[in-house]
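Notes follow the structure.
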Amino acid sequence: MTNTLKQFIKDNDIKMTVKRIDERKDIKWNDANHFKCTLKNGSKSISINFSQGYGIKNDPEIDSVLDALKIDFVDGLSFQDFCLDFGYPTDSISALKTYKACLKNTDKVKKLFNGSLDNFLNCERL
């Protein structure tokens, strides 16, 4: 059984390409570098938007992107519980947009790791 993200990436031969983008349309974050990351797992692939603060100069690494997707995995989580877990106010439009972006990425992760989703979700965080 895989127990680290690095081992999971190696065992499943997951690849990623990164392209810088000017902004994200799904959430507003001005003080960051934005990327479109395409993850491939065999014949399956997904593209997600990923951001990191200006202080981080390098392009994102695959394990950091997967760690963020793991944190943001909200399968079965209501908006109210999402807000409680992540510290957002339940009357925030910004929080709702973030929740919807997490739902969208959750569906993509489920597609990408169809047969190995449990292994992915059980990996240790970075």
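Chain labels A, B, ... are given in the sequence in which chains occur in the structure tokens; within each chain residues are numbered consecutively from 1, and ligands are likewise numbered from 1 in the order shown.
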
Strand (DSSP E or B) per DSSP on the backbone: members of chain A, as number ranges by chain: A: 4, 15-21, 32-41, 44-53, 124

How would the residues just chosen look if you wrote them out with N, CA and C atoms as a PDB file, in the first residue's frame?
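Here's the written file selection_9.pdb:
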```
ATOM      1  N   THR A   4       2.891   7.546   0.942  1.00  0.00           N
ATOM      2  CA  THR A   4       3.302   8.930   0.748  1.00  0.00           C
ATOM      3  C   THR A   4       2.886   9.372  -0.645  1.00  0.00           C
ATOM      4  N   LYS A  15       2.106  12.014 -14.250  1.00  0.00           N
ATOM      5  CA  LYS A  15       2.894  13.075 -14.879  1.00  0.00           C
ATOM      6  C   LYS A  15       2.112  14.383 -14.809  1.00  0.00           C
ATOM      7  N   MET A  16       2.835  15.512 -14.892  1.00  0.00           N
ATOM      8  CA  MET A  16       2.177  16.817 -14.869  1.00  0.00           C
ATOM      9  C   MET A  16       2.907  17.782 -15.792  1.00  0.00           C
ATOM     10  N   THR A  17       2.126  18.562 -16.521  1.00  0.00           N
ATOM     11  CA  THR A  17       2.661  19.694 -17.263  1.00  0.00           C
ATOM     12  C   THR A  17       2.068  20.958 -16.660  1.00  0.00           C
ATOM     13  N   VAL A  18       2.834  22.049 -16.738  1.00  0.00           N
ATOM     14  CA  VAL A  18       2.447  23.304 -16.102  1.00  0.00           C
ATOM     15  C   VAL A  18       2.539  24.433 -17.120  1.00  0.00           C
ATOM     16  N   LYS A  19       1.518  25.279 -17.127  1.00  0.00           N
ATOM     17  CA  LYS A  19       1.519  26.465 -17.988  1.00  0.00           C
ATOM     18  C   LYS A  19       1.081  27.654 -17.139  1.00  0.00           C
ATOM     19  N   ARG A  20       1.857  28.734 -17.174  1.00  0.00           N
ATOM     20  CA  ARG A  20       1.472  29.949 -16.444  1.00  0.00           C
ATOM     21  C   ARG A  20       0.262  30.590 -17.125  1.00  0.00           C
ATOM     22  N   ILE A  21      -0.656  31.095 -16.288  1.00  0.00           N
ATOM     23  CA  ILE A  21      -1.811  31.836 -16.790  1.00  0.00           C
ATOM     24  C   ILE A  21      -1.870  33.174 -16.057  1.00  0.00           C
ATOM     25  N   ALA A  32      -0.745  36.427  -6.391  1.00  0.00           N
ATOM     26  CA  ALA A  32      -0.278  35.063  -6.601  1.00  0.00           C
ATOM     27  C   ALA A  32       0.134  34.838  -8.048  1.00  0.00           C
ATOM     28  N   ASN A  33       0.906  33.789  -8.229  1.00  0.00           N
ATOM     29  CA  ASN A  33       1.201  33.278  -9.565  1.00  0.00           C
ATOM     30  C   ASN A  33       0.183  32.183  -9.851  1.00  0.00           C
ATOM     31  N   HIS A  34      -0.349  32.197 -11.067  1.00  0.00           N
ATOM     32  CA  HIS A  34      -1.406  31.254 -11.430  1.00  0.00           C
ATOM     33  C   HIS A  34      -0.924  30.325 -12.538  1.00  0.00           C
ATOM     34  N   PHE A  35      -1.410  29.086 -12.481  1.00  0.00           N
ATOM     35  CA  PHE A  35      -0.979  28.057 -13.407  1.00  0.00           C
ATOM     36  C   PHE A  35      -2.156  27.191 -13.840  1.00  0.00           C
ATOM     37  N   LYS A  36      -2.036  26.635 -15.020  1.00  0.00           N
ATOM     38  CA  LYS A  36      -2.921  25.562 -15.460  1.00  0.00           C
ATOM     39  C   LYS A  36      -2.062  24.305 -15.423  1.00  0.00           C
ATOM     40  N   CYS A  37      -2.432  23.369 -14.574  1.00  0.00           N
ATOM     41  CA  CYS A  37      -1.684  22.123 -14.414  1.00  0.00           C
ATOM     42  C   CYS A  37      -2.495  20.980 -15.021  1.00  0.00           C
ATOM     43  N   THR A  38      -1.849  20.209 -15.867  1.00  0.00           N
ATOM     44  CA  THR A  38      -2.490  19.044 -16.456  1.00  0.00           C
ATOM     45  C   THR A  38      -1.822  17.805 -15.881  1.00  0.00           C
ATOM     46  N   LEU A  39      -2.632  16.998 -15.202  1.00  0.00           N
ATOM     47  CA  LEU A  39      -2.152  15.766 -14.574  1.00  0.00           C
ATOM     48  C   LEU A  39      -2.585  14.583 -15.425  1.00  0.00           C
ATOM     49  N   LYS A  40      -1.667  13.631 -15.627  1.00  0.00           N
ATOM     50  CA  LYS A  40      -1.958  12.439 -16.422  1.00  0.00           C
ATOM     51  C   LYS A  40      -1.696  11.194 -15.598  1.00  0.00           C
ATOM     52  N   ASN A  41      -2.645  10.286 -15.667  1.00  0.00           N
ATOM     53  CA  ASN A  41      -2.565   8.987 -15.010  1.00  0.00           C
ATOM     54  C   ASN A  41      -2.956   7.950 -16.060  1.00  0.00           C
ATOM     55  N   LYS A  44      -5.849   8.693 -18.672  1.00  0.00           N
ATOM     56  CA  LYS A  44      -6.741   9.716 -18.111  1.00  0.00           C
ATOM     57  C   LYS A  44      -5.951  10.981 -17.806  1.00  0.00           C
ATOM     58  N   SER A  45      -6.585  12.118 -18.035  1.00  0.00           N
ATOM     59  CA  SER A  45      -5.939  13.387 -17.688  1.00  0.00           C
ATOM     60  C   SER A  45      -6.986  14.402 -17.252  1.00  0.00           C
ATOM     61  N   ILE A  46      -6.538  15.327 -16.407  1.00  0.00           N
ATOM     62  CA  ILE A  46      -7.385  16.431 -15.963  1.00  0.00           C
ATOM     63  C   ILE A  46      -6.543  17.698 -15.974  1.00  0.00           C
ATOM     64  N   SER A  47      -7.208  18.826 -16.114  1.00  0.00           N
ATOM     65  CA  SER A  47      -6.555  20.127 -15.991  1.00  0.00           C
ATOM     66  C   SER A  47      -7.204  20.883 -14.847  1.00  0.00           C
ATOM     67  N   ILE A  48      -6.364  21.501 -14.033  1.00  0.00           N
ATOM     68  CA  ILE A  48      -6.859  22.294 -12.914  1.00  0.00           C
ATOM     69  C   ILE A  48      -6.103  23.610 -12.865  1.00  0.00           C
ATOM     70  N   ASN A  49      -6.724  24.593 -12.247  1.00  0.00           N
ATOM     71  CA  ASN A  49      -6.046  25.848 -11.961  1.00  0.00           C
ATOM     72  C   ASN A  49      -5.382  25.716 -10.605  1.00  0.00           C
ATOM     73  N   PHE A  50      -4.183  26.273 -10.501  1.00  0.00           N
ATOM     74  CA  PHE A  50      -3.419  26.188  -9.260  1.00  0.00           C
ATOM     75  C   PHE A  50      -2.733  27.522  -9.048  1.00  0.00           C
ATOM     76  N   SER A  51      -2.718  27.996  -7.829  1.00  0.00           N
ATOM     77  CA  SER A  51      -2.077  29.276  -7.512  1.00  0.00           C
ATOM     78  C   SER A  51      -1.153  29.115  -6.325  1.00  0.00           C
ATOM     79  N   GLN A  52      -0.105  29.939  -6.315  1.00  0.00           N
ATOM     80  CA  GLN A  52       0.788  29.999  -5.160  1.00  0.00           C
ATOM     81  C   GLN A  52       1.294  31.425  -5.037  1.00  0.00           C
ATOM     82  N   GLY A  53       1.569  31.838  -3.817  1.00  0.00           N
ATOM     83  CA  GLY A  53       1.974  33.209  -3.545  1.00  0.00           C
ATOM     84  C   GLY A  53       3.191  33.654  -4.336  1.00  0.00           C
ATOM     85  N   GLU A 124      -0.051  10.119   3.123  1.00  0.00           N
ATOM     86  CA  GLU A 124       0.352  11.137   4.097  1.00  0.00           C
ATOM     87  C   GLU A 124       0.498  12.475   3.399  1.00  0.00           C
TER      88      GLU A 124
END
```

What does the distance between CA of Leu66 (chain A) and CA of Leu5 (chain A) come to in Å, to one decimal place?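 Computing the Euclidean distance for CA of Leu66 (chain A) and CA of Leu5 (chain A) yields 7.6 Å.
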
Write out, as a tab-separated table, each residue of region 21-96 of chain A that has an atom at most 7 Å from region 103-107 of chain A, together with the closest pair of atoms and their distance in Å to one decimal, counting only C-alpha atoms, rows going by chain and rising number.
```
residue	atom	partner	partner_atom	distance
A:Phe73	CA	A:Thr106	CA	5.1
A:Val74	CA	A:Leu103	CA	6.2
A:Asp75	CA	A:Thr106	CA	6.5
```

Under the rule that only C-alpha atoms are counted, which of A:Leu126, A:Tyr54, A:Lys6, A:Leu69 is the nearest residue to Asn30 (chain A)?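 Looking at the shortest contact to Asn30 (chain A), the residue is A:Tyr54.
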
Spatial neighbours of Thr90 (chain A), 10 Å, only C-alpha atoms, chain gap at least 4 places, as a PyMOL selection string: chain A and resi 79-84+94-96

Residue among A:Asn12, A:Ser78, A:Thr98, A:Ser64 lying closest to Arg125 (chain A), counting only C-alpha atoms: A:Ser64

Nearest residue to Ser43 (chain A) out of A:Phe86, A:Phe120, A:Tyr99, A:Phe113, using only C-alpha atoms?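 Counting only C-alpha atoms, the residue closest to Ser43 (chain A) is A:Phe113.
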